[in-house]
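Enquirer: The structure file upload.csv (CSV, C-alpha atoms and all ligand atoms) is provided below.
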chain,number,residue,atom,x,y,z
D,252,MET,CA,18.6,77.1,67.5
D,253,SER,CA,21.0,77.4,64.6
D,254,GLY,CA,21.3,81.0,63.4
D,255,ARG,CA,22.9,82.4,60.3
D,256,VAL,CA,26.5,83.8,60.4
D,257,ILE,CA,26.9,86.6,57.9
D,258,VAL,CA,30.2,88.4,57.3
D,259,ILE,CA,30.2,92.0,56.1
D,260,THR,CA,33.2,92.8,54.1
D,261,SER,CA,34.5,95.1,51.4
D,262,GLY,CA,38.2,95.1,50.5
D,263,LYS,CA,38.6,98.8,50.4
D,264,GLY,CA,38.4,100.7,53.7
D,265,GLY,CA,35.8,103.3,54.6
D,266,VAL,CA,33.1,102.2,52.2
D,267,GLY,CA,30.5,101.6,55.0
D,268,LYS,CA,31.0,98.1,56.5
D,269,THR,CA,30.5,99.2,60.0
D,270,THR,CA,27.6,101.5,59.1
D,271,ALA,CA,26.0,98.6,57.3
D,272,SER,CA,26.6,96.2,60.1
D,273,ALA,CA,25.0,98.5,62.7
D,274,ASN,CA,22.0,99.3,60.6
D,275,ILE,CA,21.3,95.9,59.3
D,276,GLY,CA,21.6,94.6,62.8
D,277,VAL,CA,19.1,97.2,64.1
D,278,ALA,CA,16.7,96.5,61.2
D,279,LEU,CA,16.9,92.7,61.7
D,280,ALA,CA,16.2,93.2,65.4
D,281,ASN,CA,13.3,95.4,64.6
D,282,THR,CA,11.7,92.5,62.7
D,283,GLY,CA,11.8,90.5,65.9
D,284,ALA,CA,14.9,88.4,65.2
D,285,SER,CA,17.6,87.9,67.8
D,286,VAL,CA,20.9,89.4,66.6
D,287,CYS,CA,24.5,89.5,67.7
D,288,LEU,CA,26.9,92.0,66.1
D,289,VAL,CA,30.5,90.9,66.2
D,290,ASP,CA,33.2,93.6,65.8
D,291,MET,CA,36.1,91.8,64.2
D,292,ASP,CA,38.0,95.0,63.4
D,293,ILE,CA,40.3,94.2,66.3
D,294,GLY,CA,42.4,97.2,67.3
D,295,LEU,CA,40.1,99.7,65.5
D,296,ARG,CA,36.9,99.3,67.5
D,297,ASN,CA,34.1,101.3,65.9
D,298,LEU,CA,30.8,99.4,66.1
D,299,ASP,CA,30.2,100.2,69.8
D,300,ILE,CA,30.3,103.9,68.9
D,301,LEU,CA,27.8,103.6,66.0
D,302,MET,CA,25.5,101.7,68.4
D,303,GLY,CA,26.0,104.3,71.2
D,304,LEU,CA,27.2,101.5,73.5
D,305,GLU,CA,30.8,102.6,74.0
D,306,ASN,CA,30.2,103.3,77.7
D,307,ARG,CA,28.9,99.8,78.4
D,308,VAL,CA,31.8,97.8,77.1
D,309,VAL,CA,33.5,95.8,79.8
D,310,TYR,CA,34.9,92.7,78.2
D,311,ASN,CA,35.6,92.1,74.5
D,312,LEU,CA,36.0,89.4,71.9
D,313,VAL,CA,39.7,88.7,72.7
D,314,ASP,CA,38.8,88.3,76.4
D,315,VAL,CA,36.3,85.6,75.4
D,316,VAL,CA,38.8,83.8,73.1
D,317,GLU,CA,41.5,83.9,75.7
D,318,GLU,CA,39.0,82.8,78.4
D,319,ARG,CA,39.2,85.8,80.7
D,320,CYS,CA,35.4,85.9,80.7
D,321,LYS,CA,32.4,83.9,79.6
D,322,LEU,CA,30.8,84.8,76.3
D,323,ARG,CA,27.6,86.1,78.0
D,324,GLN,CA,29.6,88.5,80.1
D,325,ALA,CA,31.2,90.1,77.1
D,326,LEU,CA,27.9,90.7,75.2
D,327,VAL,CA,26.5,94.2,75.5
D,328,LYS,CA,22.8,94.6,75.1
D,329,ASP,CA,21.4,97.4,73.0
D,330,LYS,CA,19.8,100.3,74.9
D,331,LYS,CA,16.4,99.9,73.2
D,332,MET,CA,16.1,96.3,72.0
D,333,PRO,CA,17.1,93.4,74.3
D,334,ASN,CA,17.2,91.1,71.3
D,335,LEU,CA,20.1,93.1,69.8
D,336,ASN,CA,23.6,92.4,71.2
D,337,LEU,CA,27.1,93.5,70.5
D,338,LEU,CA,30.3,91.6,71.0
D,339,PRO,CA,32.9,94.4,71.0
D,340,ALA,CA,36.4,94.2,69.5
D,341,ALA,CA,39.5,94.7,71.7
D,342,GLN,CA,40.9,98.2,71.2
D,343,THR,CA,44.4,97.6,72.3
D,344,ARG,CA,45.3,94.4,70.4
D,345,ASP,CA,45.8,93.7,66.7
D,346,LYS,CA,44.4,91.3,64.1
D,347,THR,CA,46.7,88.5,65.2
D,348,ALA,CA,45.0,88.2,68.6
D,349,VAL,CA,42.3,85.8,67.2
D,350,ASN,CA,42.9,83.0,64.7
D,351,ALA,CA,40.5,81.3,62.3
D,352,GLU,CA,40.0,78.2,64.5
D,353,GLN,CA,39.1,80.4,67.5
D,354,MET,CA,36.7,82.4,65.4
D,355,LYS,CA,35.0,79.3,64.0
D,356,LYS,CA,34.4,78.0,67.6
D,357,LEU,CA,33.1,81.4,68.7
D,358,CYS,CA,30.7,81.6,65.8
D,359,GLU,CA,29.4,78.1,66.5
D,360,GLU,CA,28.6,79.2,70.0
D,361,LEU,CA,26.9,82.4,68.9
D,362,LYS,CA,24.9,80.6,66.3
D,363,SER,CA,23.3,78.5,69.0
D,364,MET,CA,22.2,81.7,70.8
D,365,PHE,CA,21.0,84.0,68.0
D,366,ASP,CA,19.0,84.0,64.8
D,367,PHE,CA,21.6,86.3,63.1
D,368,VAL,CA,25.3,86.7,63.8
D,369,LEU,CA,26.7,89.7,61.8
D,370,VAL,CA,30.4,89.9,61.6
D,371,ASP,CA,31.9,93.4,60.8
D,372,SER,CA,35.2,92.7,59.1
D,373,PRO,CA,38.3,94.9,58.9
D,374,ALA,CA,39.4,96.4,55.5
D,375,GLY,CA,41.9,94.5,53.4
D,376,ILE,CA,42.3,91.0,52.0
D,377,GLU,CA,44.8,89.6,54.5
D,378,SER,CA,44.5,87.6,57.7
D,379,GLY,CA,41.9,90.0,59.2
D,380,PHE,CA,39.5,89.2,56.3
D,381,GLU,CA,40.3,85.5,56.5
D,382,ASN,CA,39.6,85.4,60.2
D,383,ALA,CA,36.4,87.4,60.0
D,384,CYS,CA,35.2,84.9,57.3
D,385,ALA,CA,36.2,81.9,59.3
D,386,GLY,CA,32.8,81.1,60.9
D,387,ALA,CA,30.5,82.5,58.2
D,388,GLU,CA,28.2,80.8,55.7
D,389,GLU,CA,27.1,83.9,54.0
D,390,ALA,CA,28.7,87.2,53.1
D,391,ILE,CA,27.6,90.7,52.3
D,392,VAL,CA,30.0,92.6,50.0
D,393,ILE,CA,29.9,96.4,50.4
D,394,THR,CA,31.2,98.8,47.9
D,395,THR,CA,30.6,102.4,46.7
D,396,PRO,CA,30.2,103.1,43.0
D,397,GLU,CA,33.8,104.4,42.8
D,398,MET,CA,36.2,102.6,40.6
D,399,SER,CA,38.8,101.8,43.3
D,400,ALA,CA,36.2,100.4,45.6
D,401,VAL,CA,34.6,98.3,42.9
D,402,ARG,CA,38.0,96.9,41.9
D,403,ASP,CA,38.6,95.9,45.5
D,404,ALA,CA,35.2,94.4,45.8
D,405,ASP,CA,36.0,92.3,42.8
D,406,ARG,CA,39.0,91.0,44.6
D,407,ILE,CA,36.9,90.1,47.6
D,408,ILE,CA,34.4,88.3,45.4
D,409,GLY,CA,37.2,86.3,43.9
D,410,LEU,CA,38.3,85.3,47.4
D,411,LEU,CA,34.7,84.4,48.4
D,412,GLU,CA,34.4,82.2,45.3
D,413,ALA,CA,37.5,80.3,46.4
D,414,ARG,CA,35.7,79.6,49.7
D,415,LYS,CA,32.5,78.3,48.0
D,416,ASP,CA,32.4,75.3,50.3
D,417,GLU,CA,32.0,77.4,53.4
D,418,ILE,CA,30.5,80.6,52.1
D,419,THR,CA,27.5,79.4,50.1
D,420,GLN,CA,25.9,82.8,49.3
D,421,TYR,CA,27.1,86.3,48.9
D,422,ARG,CA,25.3,89.5,47.7
D,423,LEU,CA,26.2,93.1,47.1
D,424,VAL,CA,25.2,96.2,49.0
D,425,LEU,CA,26.0,99.3,47.0
D,426,ASN,CA,26.5,102.2,49.3
D,427,ARG,CA,26.6,106.0,49.0
D,428,ILE,CA,24.8,106.3,45.7
D,429,ARG,CA,24.2,109.8,44.5
D,430,PRO,CA,21.1,109.6,42.3
D,431,LYS,CA,21.6,113.0,40.7
D,432,MET,CA,25.1,112.2,39.6
D,433,VAL,CA,24.0,108.8,38.3
D,434,ALA,CA,21.1,110.5,36.3
D,435,ASN,CA,23.6,112.9,34.8
D,436,SER,CA,25.9,110.0,33.9
D,437,ASP,CA,28.6,111.5,36.1
D,438,MET,CA,29.1,108.2,38.0
D,439,MET,CA,28.2,104.6,37.7
D,440,GLY,CA,24.8,103.4,38.9
D,441,VAL,CA,23.4,100.2,40.4
D,442,GLU,CA,23.0,98.5,37.1
D,443,ASP,CA,26.5,99.4,36.0
D,444,VAL,CA,28.2,98.0,39.1
D,445,LEU,CA,26.1,94.8,39.1
D,446,GLU,CA,27.0,94.1,35.5
D,447,ILE,CA,30.7,94.7,36.1
D,448,LEU,CA,30.8,92.5,39.2
D,449,SER,CA,28.3,89.8,38.0
D,450,ILE,CA,26.8,89.6,41.5
D,451,LYS,CA,23.3,89.6,43.0
D,452,LEU,CA,22.1,92.8,44.6
D,453,LEU,CA,21.0,92.7,48.2
D,454,GLY,CA,20.4,96.5,48.4
D,455,ALA,CA,21.3,100.0,47.4
D,456,VAL,CA,21.9,102.7,50.0
D,457,PRO,CA,21.9,106.4,49.0
D,458,GLU,CA,24.4,109.0,50.2
D,459,ASP,CA,22.7,110.5,53.2
D,460,GLU,CA,23.8,113.2,55.7
D,461,GLU,CA,21.5,111.5,58.2
D,462,ILE,CA,24.0,108.8,58.5
D,463,ILE,CA,26.6,111.2,59.9
D,464,ILE,CA,24.0,112.7,62.3
D,465,SER,CA,22.9,109.3,63.5
D,466,THR,CA,26.4,108.2,64.0
D,467,ASN,CA,27.0,111.2,66.2
D,468,LYS,CA,23.9,110.3,68.2
D,469,GLY,CA,24.8,106.7,68.5
D,470,GLU,CA,21.4,105.7,67.0
D,471,PRO,CA,21.6,104.0,63.6
D,472,VAL,CA,19.3,105.4,60.9
D,473,ALA,CA,17.5,102.1,60.5
D,474,GLY,CA,15.9,102.5,63.9
D,475,THR,CA,14.2,105.8,62.9
D,476,ASP,CA,11.6,106.6,60.3
D,477,ASN,CA,11.8,109.2,57.5
D,478,THR,CA,15.3,108.6,56.2
D,479,LYS,CA,16.0,107.2,52.8
D,480,SER,CA,19.1,105.4,54.0
D,481,GLY,CA,17.2,103.9,57.0
D,482,LEU,CA,14.5,102.6,54.6
D,483,ALA,CA,17.2,101.1,52.4
D,484,PHE,CA,18.7,99.2,55.4
D,485,ARG,CA,15.3,98.0,56.6
D,486,ASN,CA,14.6,96.7,53.1
D,487,ILE,CA,18.0,94.9,53.2
D,488,ALA,CA,17.0,93.2,56.5
D,489,ARG,CA,13.7,92.1,55.0
D,490,ARG,CA,15.4,90.6,52.0
D,491,LEU,CA,17.9,88.8,54.3
D,492,ARG,CA,14.8,87.2,55.9
D,493,GLY,CA,13.7,85.9,52.6
D,494,GLU,CA,11.1,88.5,51.7
D,495,GLU,CA,10.8,89.8,48.2
D,496,VAL,CA,11.1,93.6,48.5
D,497,PRO,CA,11.2,95.7,45.3
D,498,PHE,CA,14.4,97.7,44.9
D,499,MET,CA,14.1,101.4,45.6
D,500,ASP,CA,14.3,103.4,42.4
D,501,MET,CA,17.7,104.9,43.1
D,502,ASP,CA,18.8,105.7,39.5
D,503,ALA,CA,16.8,108.9,39.2
D,504,LYS,CA,15.3,109.4,35.8
D,505,SER,CA,17.4,110.9,33.2
D,506,ASP,CA,18.0,114.6,33.3
D,507,THR,CA,16.0,116.3,30.6
D,508,TRP,CA,14.4,119.7,30.5
D,509,VAL,CA,11.1,118.0,31.3
D,510,THR,CA,12.4,116.4,34.5
D,511,ARG,CA,14.2,119.6,35.3
D,512,ILE,CA,11.0,121.5,35.3
D,513,VAL,CA,9.1,118.8,37.2
D,514,ASN,CA,11.9,118.6,39.8
D,515,PHE,CA,12.0,122.3,40.1
D,516,PHE,CA,8.4,122.3,41.3
D,517,ASN,CA,8.7,119.0,43.1
D,518,PRO,CA,12.2,119.1,44.6
D,519,VAL,CA,11.8,116.1,47.0
D,520,ARG,CA,11.9,113.0,44.9
D,521,VAL,CA,14.2,110.1,44.2
O,857,MET,CA,22.4,131.4,28.0
O,858,GLN,CA,22.8,130.1,31.5
O,859,VAL,CA,19.1,129.4,31.8
O,860,PHE,CA,19.2,127.8,28.4
O,861,ASN,CA,22.0,125.5,29.6
O,862,TRP,CA,20.2,124.7,32.8
O,863,LEU,CA,17.0,123.8,31.0
O,864,PHE,CA,18.4,121.9,28.0
O,865,LYS,CA,21.6,120.5,29.4
O,866,VAL,CA,22.4,117.4,27.4
O,867,PRO,CA,23.5,114.5,29.6
O,868,SER,CA,27.2,114.3,28.9
O,869,GLY,CA,27.3,110.5,29.6
O,870,THR,CA,31.0,110.5,29.5
O,871,ALA,CA,32.2,110.0,33.1
O,872,ALA,CA,30.0,107.0,33.9
O,873,VAL,CA,30.5,105.3,30.5
O,874,THR,CA,34.3,105.9,30.7
O,875,ALA,CA,34.4,104.5,34.2
O,876,LYS,CA,32.5,101.4,33.2
O,877,ASP,CA,34.7,100.7,30.2
O,878,ARG,CA,37.8,101.2,32.2
O,879,MET,CA,36.5,98.9,34.9
O,880,ARG,CA,35.6,96.1,32.5
O,881,THR,CA,39.1,96.1,31.0
O,882,MET,CA,40.8,96.4,34.4
O,883,LEU,CA,38.8,93.6,36.0
O,884,VAL,CA,39.4,91.2,33.1
O,885,HIS,CA,43.1,91.7,33.6
O,886,ASP,CA,42.9,91.6,37.4
O,887,ARG,CA,41.0,88.3,37.4
O,888,LEU,CA,43.4,86.7,35.0
O,889,GLU,CA,46.4,88.2,36.6
O,890,LEU,CA,47.4,89.3,33.2
O,891,PRO,CA,50.3,91.7,33.0
O,892,ALA,CA,50.0,94.7,30.7
O,893,GLY,CA,51.3,94.1,27.1
O,894,ARG,CA,51.0,90.3,27.4
O,895,LEU,CA,48.0,90.1,25.2
O,896,GLU,CA,49.7,92.1,22.5
O,897,VAL,CA,52.5,89.6,22.4
O,898,LEU,CA,50.0,86.7,22.2
O,899,GLU,CA,48.2,88.5,19.3
O,900,GLU,CA,51.5,88.8,17.4
O,901,GLU,CA,52.4,85.2,17.9
O,902,LEU,CA,49.0,83.8,17.1
O,903,THR,CA,48.7,86.0,14.0
O,904,ALA,CA,52.1,84.7,12.8
O,905,VAL,CA,50.9,81.1,13.2
O,906,VAL,CA,47.6,81.6,11.3
O,907,ALA,CA,49.5,83.5,8.6
O,908,ARG,CA,51.6,80.4,8.0
O,909,TYR,CA,48.4,78.6,6.9
O,910,PHE,CA,46.4,81.4,5.3
O,911,ASP,CA,46.7,84.7,3.5
O,912,LEU,CA,45.1,87.2,5.8
O,913,GLU,CA,43.2,90.3,4.9
O,914,PRO,CA,45.6,93.1,6.0
O,915,ASP,CA,44.6,95.1,9.1
O,916,THR,CA,41.5,93.2,9.9
O,917,THR,CA,42.6,90.9,12.7
O,918,ARG,CA,40.7,91.6,15.9
O,919,PHE,CA,41.5,90.4,19.4
O,920,ASP,CA,39.0,90.9,22.2
O,921,LEU,CA,39.0,89.9,25.8
O,922,GLN,CA,35.4,89.8,26.9
O,923,GLN,CA,33.8,89.2,30.2
O,924,MET,CA,31.3,86.4,30.5
O,925,ASP,CA,29.8,86.3,34.0
O,926,ARG,CA,32.9,86.2,36.1
O,927,GLN,CA,35.0,84.5,33.5
O,928,ALA,CA,36.9,85.9,30.6
O,929,ALA,CA,36.7,84.8,27.0
O,930,LEU,CA,39.4,85.5,24.3
O,931,ILE,CA,37.8,86.1,21.0
O,932,ALA,CA,40.1,86.3,18.0
O,933,ASN,CA,38.9,87.1,14.5
O,934,PHE,CA,41.0,86.6,11.4
O,935,ARG,CA,39.7,87.4,7.9
O,936,LEU,CA,41.1,84.7,5.6
O,937,VAL,CA,41.7,85.3,1.9
O,938,ARG,CA,42.9,81.9,0.8
O,939,SER,CA,44.8,78.9,2.1
O,940,LYS,CA,48.6,78.7,1.6
O,941,CYS,CA,49.7,75.4,0.5
M,1001,LIG,N1,25.3,106.1,52.8
M,1001,LIG,C1,26.2,107.0,53.5
M,1001,LIG,N2,26.0,108.3,53.4
M,1001,LIG,C2,26.8,109.2,54.0
M,1001,LIG,N3,27.9,108.8,54.7
M,1001,LIG,C3,28.1,107.5,54.8
M,1001,LIG,C4,27.3,106.5,54.2
M,1001,LIG,N4,27.8,105.3,54.5
M,1001,LIG,C5,28.9,105.5,55.2
M,1001,LIG,N5,29.1,106.8,55.5
M,1001,LIG,C6,30.2,107.4,56.2
M,1001,LIG,O1,31.5,106.9,55.7
M,1001,LIG,C7,32.4,106.8,56.7
M,1001,LIG,C8,33.0,105.4,56.7
M,1001,LIG,O2,32.0,104.5,57.1
M,1001,LIG,P1,32.3,103.1,57.9
M,1001,LIG,O3,33.1,103.4,59.1
M,1001,LIG,O4,31.0,102.4,58.1
M,1001,LIG,O5,33.2,102.4,56.8
M,1001,LIG,P2,34.0,101.0,57.0
M,1001,LIG,O6,34.0,100.3,55.8
M,1001,LIG,O7,33.5,100.3,58.3
M,1001,LIG,O8,35.5,101.6,57.3
M,1001,LIG,P3,36.8,100.8,57.8
M,1001,LIG,O9,37.3,100.1,56.6
M,1001,LIG,O10,37.7,101.8,58.3
M,1001,LIG,O11,36.3,99.9,58.9
M,1001,LIG,C9,31.7,107.1,58.0
M,1001,LIG,O12,32.1,108.5,58.3
M,1001,LIG,C10,30.3,107.0,57.7
M,1001,LIG,O13,29.5,107.9,58.4
M,1002,MG,MG,34.7,99.6,60.0
Just give me the structure of the file as structure tokens.
Expert:
Amino acid sequence: MSGRVIVITSGKGGVGKTTASANIGVALANTGASVCLVDMDIGLRNLDILMGLENRVVYNLVDVVEERCKLRQALVKDKKMPNLNLLPAAQTRDKTAVNAEQMKKLCEELKSMFDFVLVDSPAGIESGFENACAGAEEAIVITTPEMSAVRDADRIIGLLEARKDEITQYRLVLNRIRPKMVANSDMMGVEDVLEILSIKLLGAVPEDEEIIISTNKGEPVAGTDNTKSGLAFRNIARRLRGEEVPFMDMDAKSDTWVTRIVNFFNPVRV
Amino acid sequence: MQVFNWLFKVPSGTAAVTAKDRMRTMLVHDRLELPAGRLEVLEEELTAVVARYFDLEPDTTRFDLQQMDRQAALIANFRLVRSKC
């Protein structure tokens, strides 16, 4: 088997890399693919919490690299789906604990075991980013529609361009869209950001309180029905598998008195 | 009046449009690693060179940095009156 190694990256911190990694992982596993989530945010371990697996972590990625355990021993299986696995980060080390060569070797091994290897990268553009990218052939760039996040995403895209030989494809996930504000022209929408960054869209995810609730439960929204964000992540997974899925109409229609009356009587839309 | 505003609120359009315009300019500069003010110096020098060869229509010179995909294009526009010989 030779799986796909996809790094999930952003530049700016806190825009949703870990949330996206967990949810895309769950959604891909739901389609039947075998998936390994790799937490490369060494020293700031988060992915295990989002997956609700923090109590099952015994070994971590650094233990594997430093040969204190076998790769299989460090993998933590998801509670519901046996085809979904997590390779946790070390919590007590820092970004220098793993280098690019070691990461490449690790990804080679993971690739032979899984259909998809999703690497959650740390914020920033320094060595942590470089190492997270080391074994990847594809990238997902995450940003929110805020100016500072878009600027940092542009920086990342520049760095990915410079690695064209290794990273052959990258696409954008625009996170935390607020359709009402976009409709009121109070913030940039999907089209605006795509145009500015000149990048292909993989998916758009709305701002959703359910994400906070699901994080607290340790059950990513993509695994449950009836949430807009969950549907967005499931669509992203299908697109990653090569399916043509129409984009959700996130940029709510413009705010006129007609739509105001319609929305008044039909509050749940978008 | 409040009901009126609520019903007929005109989309202001400003914040999103301003953000997009600022982003465009910012990213062109970022990508080129172009320091602030640098372009103005170039404009002055280039205009001086063209003005050695042509009489220029006063105050019509235009200098634009535009984004084309992920690359930048510098578009200079001089209105020429006649050649100086
Ligand atoms: N679409 C969304 N709607 C609401 N909240 C969200 C959404 N996406 C992310 N969040 C929240 O934003 C916060 C940051 O998300 P997350 O940890 O995934 O970002 P990150 O990019 O991994 O951060 P870091 O750079 O620190 O690793 C979390 O509290 C998360 O619950
Ligand atoms: Mg994170």
Enquirer: Skip region 329-341 of chain D itself and residues of its chain fewer than 4 positions away, then list as number ranges by chain all residues within 6 Å of it, counting only C-alpha atoms.
Expert: D: 280, 285-291, 293-294, 296, 311-312
Enquirer: Quick one: write out the picked residues with C-alpha atoms as a JSON list (two decimals), keeping the file's coordinate frame?
Expert:
[["chain", "number", "residue", "atom", "x", "y", "z"],
["D", 280, "ALA", "CA", 16.20, 93.20, 65.40],
["D", 285, "SER", "CA", 17.60, 87.90, 67.80],
["D", 286, "VAL", "CA", 20.90, 89.40, 66.60],
["D", 287, "CYS", "CA", 24.50, 89.50, 67.70],
["D", 288, "LEU", "CA", 26.90, 92.00, 66.10],
["D", 289, "VAL", "CA", 30.50, 90.90, 66.20],
["D", 290, "ASP", "CA", 33.20, 93.60, 65.80],
["D", 291, "MET", "CA", 36.10, 91.80, 64.20],
["D", 293, "ILE", "CA", 40.30, 94.20, 66.30],
["D", 294, "GLY", "CA", 42.40, 97.20, 67.30],
["D", 296, "ARG", "CA", 36.90, 99.30, 67.50],
["D", 311, "ASN", "CA", 35.60, 92.10, 74.50],
["D", 312, "LEU", "CA", 36.00, 89.40, 71.90]]
Enquirer: As a quick test: using only C-alpha atoms and all ligand atoms, which residues lie no more than 6 Å away from ligand LIG 1001 (chain M)? Give them as a list in words.
Expert: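 Checked against 6 Å with only C-alpha atoms and all ligand atoms; the hits are Gly264, Gly265, Val266, Gly267, Lys268, Thr269, Thr270, Pro373, Ala374, Asn426, Arg427, Val456, Pro457, Glu458, Asp459, Glu460, Ile462 and Ile463 of chain D.
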Enquirer: Near chain O, which residues of chain D fall within 6 Å when you count all atoms listed in the file, and what do they look like as an NGL selection string?
Expert: :D and (435-439 or 449 or 508)
Enquirer: With all atoms listed in the file as the atoms that count, which of D:Ile300, D:Leu482, D:Val496, D:Glu389 lies nearest to ligand MG 1002 (chain M)?
Expert: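 Ranking D:Ile300, D:Leu482, D:Val496, D:Glu389 by distance to ligand MG 1002 (chain M), first place goes to D:Ile300.
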Enquirer: List as a PyMOL selection string: which residues have an atom within 12 Å of (49.6, 87.7, 13.2), counting all atoms listed in the file?
Expert: chain O and resi 896-919+932-936
Enquirer: Mind checking which residues fall within 8 Å of Gly386 (chain D), counting all atoms listed in the file, ignoring those fewer than 4 positions away in the same chain, and posting them as a PyMOL selection string?
Expert: chain D and resi 256+351+354-359
Enquirer: Restricted to C-alpha atoms, what would the selected residues look like written as a CSV table (one decimal), in the frame of the given file?
Expert:
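Contents of selection_29.csv, freshly written:
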chain,number,residue,atom,x,y,z
D,256,VAL,CA,26.5,83.8,60.4
D,351,ALA,CA,40.5,81.3,62.3
D,354,MET,CA,36.7,82.4,65.4
D,355,LYS,CA,35.0,79.3,64.0
D,356,LYS,CA,34.4,78.0,67.6
D,357,LEU,CA,33.1,81.4,68.7
D,358,CYS,CA,30.7,81.6,65.8
D,359,GLU,CA,29.4,78.1,66.5
Enquirer: Could you give me, as a ChimeraX atom specification, the residues within 12 Å of Asn306 (chain D), counting all atoms listed in the file and dropping anything in the same chain fewer than 2 positions from it?
Expert: /D:299-304,308-310,327-330,339,469
Enquirer: Create the file for the chosen residues now, containing C-alpha atoms and written as a PDB file, in the frame of the given file.
Expert:
ATOM      1  CA  ASP D 299      30.200 100.200  69.800  1.00  0.00           C
ATOM      2  CA  ILE D 300      30.300 103.900  68.900  1.00  0.00           C
ATOM      3  CA  LEU D 301      27.800 103.600  66.000  1.00  0.00           C
ATOM      4  CA  MET D 302      25.500 101.700  68.400  1.00  0.00           C
ATOM      5  CA  GLY D 303      26.000 104.300  71.200  1.00  0.00           C
ATOM      6  CA  LEU D 304      27.200 101.500  73.500  1.00  0.00           C
ATOM      7  CA  VAL D 308      31.800  97.800  77.100  1.00  0.00           C
ATOM      8  CA  VAL D 309      33.500  95.800  79.800  1.00  0.00           C
ATOM      9  CA  TYR D 310      34.900  92.700  78.200  1.00  0.00           C
ATOM     10  CA  VAL D 327      26.500  94.200  75.500  1.00  0.00           C
ATOM     11  CA  LYS D 328      22.800  94.600  75.100  1.00  0.00           C
ATOM     12  CA  ASP D 329      21.400  97.400  73.000  1.00  0.00           C
ATOM     13  CA  LYS D 330      19.800 100.300  74.900  1.00  0.00           C
ATOM     14  CA  PRO D 339      32.900  94.400  71.000  1.00  0.00           C
ATOM     15  CA  GLY D 469      24.800 106.700  68.500  1.00  0.00           C
TER      16      GLY D 469
END
Enquirer: Looking at only C-alpha atoms and all ligand atoms, which of D:Ile259, D:Ile464, D:Met252, D:Leu369 is the one that sits closest to ligand MG 1002 (chain M)?
Expert: D:Ile259
Enquirer: Rank nothing, just name the residue among D:Gly474, D:Gly454, D:Gly379, D:Gly409 nearest to Arg489 (chain D), using all atoms listed in the file.
Expert: D:Gly454
Enquirer: Quick check, in Å to one decimal: how far apart do CA of Ala278 (chain D) and CA of Gly481 (chain D) lie?
Expert: 8.5 Å
Enquirer: Would you please work out which residue, of D:Ala325, D:Met364, D:Val370, D:Val277, is nearest to ligand MG 1002 (chain M) when using only C-alpha atoms and all ligand atoms?
Expert: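 When distances to ligand MG 1002 (chain M) are compared using only C-alpha atoms and all ligand atoms, the smallest one comes from D:Val370.
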Enquirer: To one decimal place in Å, what is the distance between CA of Val315 (chain D) and atom MG of ligand MG 1002 (chain M)?
Expert: 20.9 Å
Enquirer: For CA of Leu423 (chain D) and CA of Thr394 (chain D), determine how far apart the two atoms are, in Å to one decimal place.
Expert: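 So the two atoms, CA of Leu423 (chain D) and CA of Thr394 (chain D), lie 7.6 Å apart.
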Enquirer: With N, CA and C atoms as the target, complete region 281-291 of chain D and hand it back as a PDB file, keeping the file's coordinate frame.
Expert:
ATOM      1  N   ASN D 281      14.611  94.797  64.689  1.00  0.00           N
ATOM      2  CA  ASN D 281      13.300  95.400  64.600  1.00  0.00           C
ATOM      3  C   ASN D 281      12.236  94.431  64.038  1.00  0.00           C
ATOM      4  N   THR D 282      12.666  93.477  63.226  1.00  0.00           N
ATOM      5  CA  THR D 282      11.700  92.500  62.700  1.00  0.00           C
ATOM      6  C   THR D 282      11.440  91.391  63.699  1.00  0.00           C
ATOM      7  N   GLY D 283      12.102  91.459  64.838  1.00  0.00           N
ATOM      8  CA  GLY D 283      11.800  90.500  65.900  1.00  0.00           C
ATOM      9  C   GLY D 283      12.904  89.408  66.049  1.00  0.00           C
ATOM     10  N   ALA D 284      13.868  89.381  65.134  1.00  0.00           N
ATOM     11  CA  ALA D 284      14.900  88.400  65.200  1.00  0.00           C
ATOM     12  C   ALA D 284      15.902  88.702  66.327  1.00  0.00           C
ATOM     13  N   SER D 285      16.546  87.667  66.873  1.00  0.00           N
ATOM     14  CA  SER D 285      17.600  87.900  67.800  1.00  0.00           C
ATOM     15  C   SER D 285      18.927  88.059  67.046  1.00  0.00           C
ATOM     16  N   VAL D 286      19.705  89.077  67.398  1.00  0.00           N
ATOM     17  CA  VAL D 286      20.900  89.400  66.600  1.00  0.00           C
ATOM     18  C   VAL D 286      22.081  89.669  67.465  1.00  0.00           C
ATOM     19  N   CYS D 287      23.232  89.164  67.009  1.00  0.00           N
ATOM     20  CA  CYS D 287      24.500  89.500  67.700  1.00  0.00           C
ATOM     21  C   CYS D 287      25.414  90.174  66.631  1.00  0.00           C
ATOM     22  N   LEU D 288      25.867  91.382  66.916  1.00  0.00           N
ATOM     23  CA  LEU D 288      26.900  92.000  66.100  1.00  0.00           C
ATOM     24  C   LEU D 288      28.232  91.725  66.623  1.00  0.00           C
ATOM     25  N   VAL D 289      29.120  91.256  65.742  1.00  0.00           N
ATOM     26  CA  VAL D 289      30.500  90.900  66.200  1.00  0.00           C
ATOM     27  C   VAL D 289      31.449  91.874  65.530  1.00  0.00           C
ATOM     28  N   ASP D 290      32.185  92.622  66.336  1.00  0.00           N
ATOM     29  CA  ASP D 290      33.200  93.600  65.800  1.00  0.00           C
ATOM     30  C   ASP D 290      34.510  92.849  65.653  1.00  0.00           C
ATOM     31  N   MET D 291      34.847  92.482  64.410  1.00  0.00           N
ATOM     32  CA  MET D 291      36.100  91.800  64.200  1.00  0.00           C
ATOM     33  C   MET D 291      37.230  92.744  63.731  1.00  0.00           C
TER      34      MET D 291
END
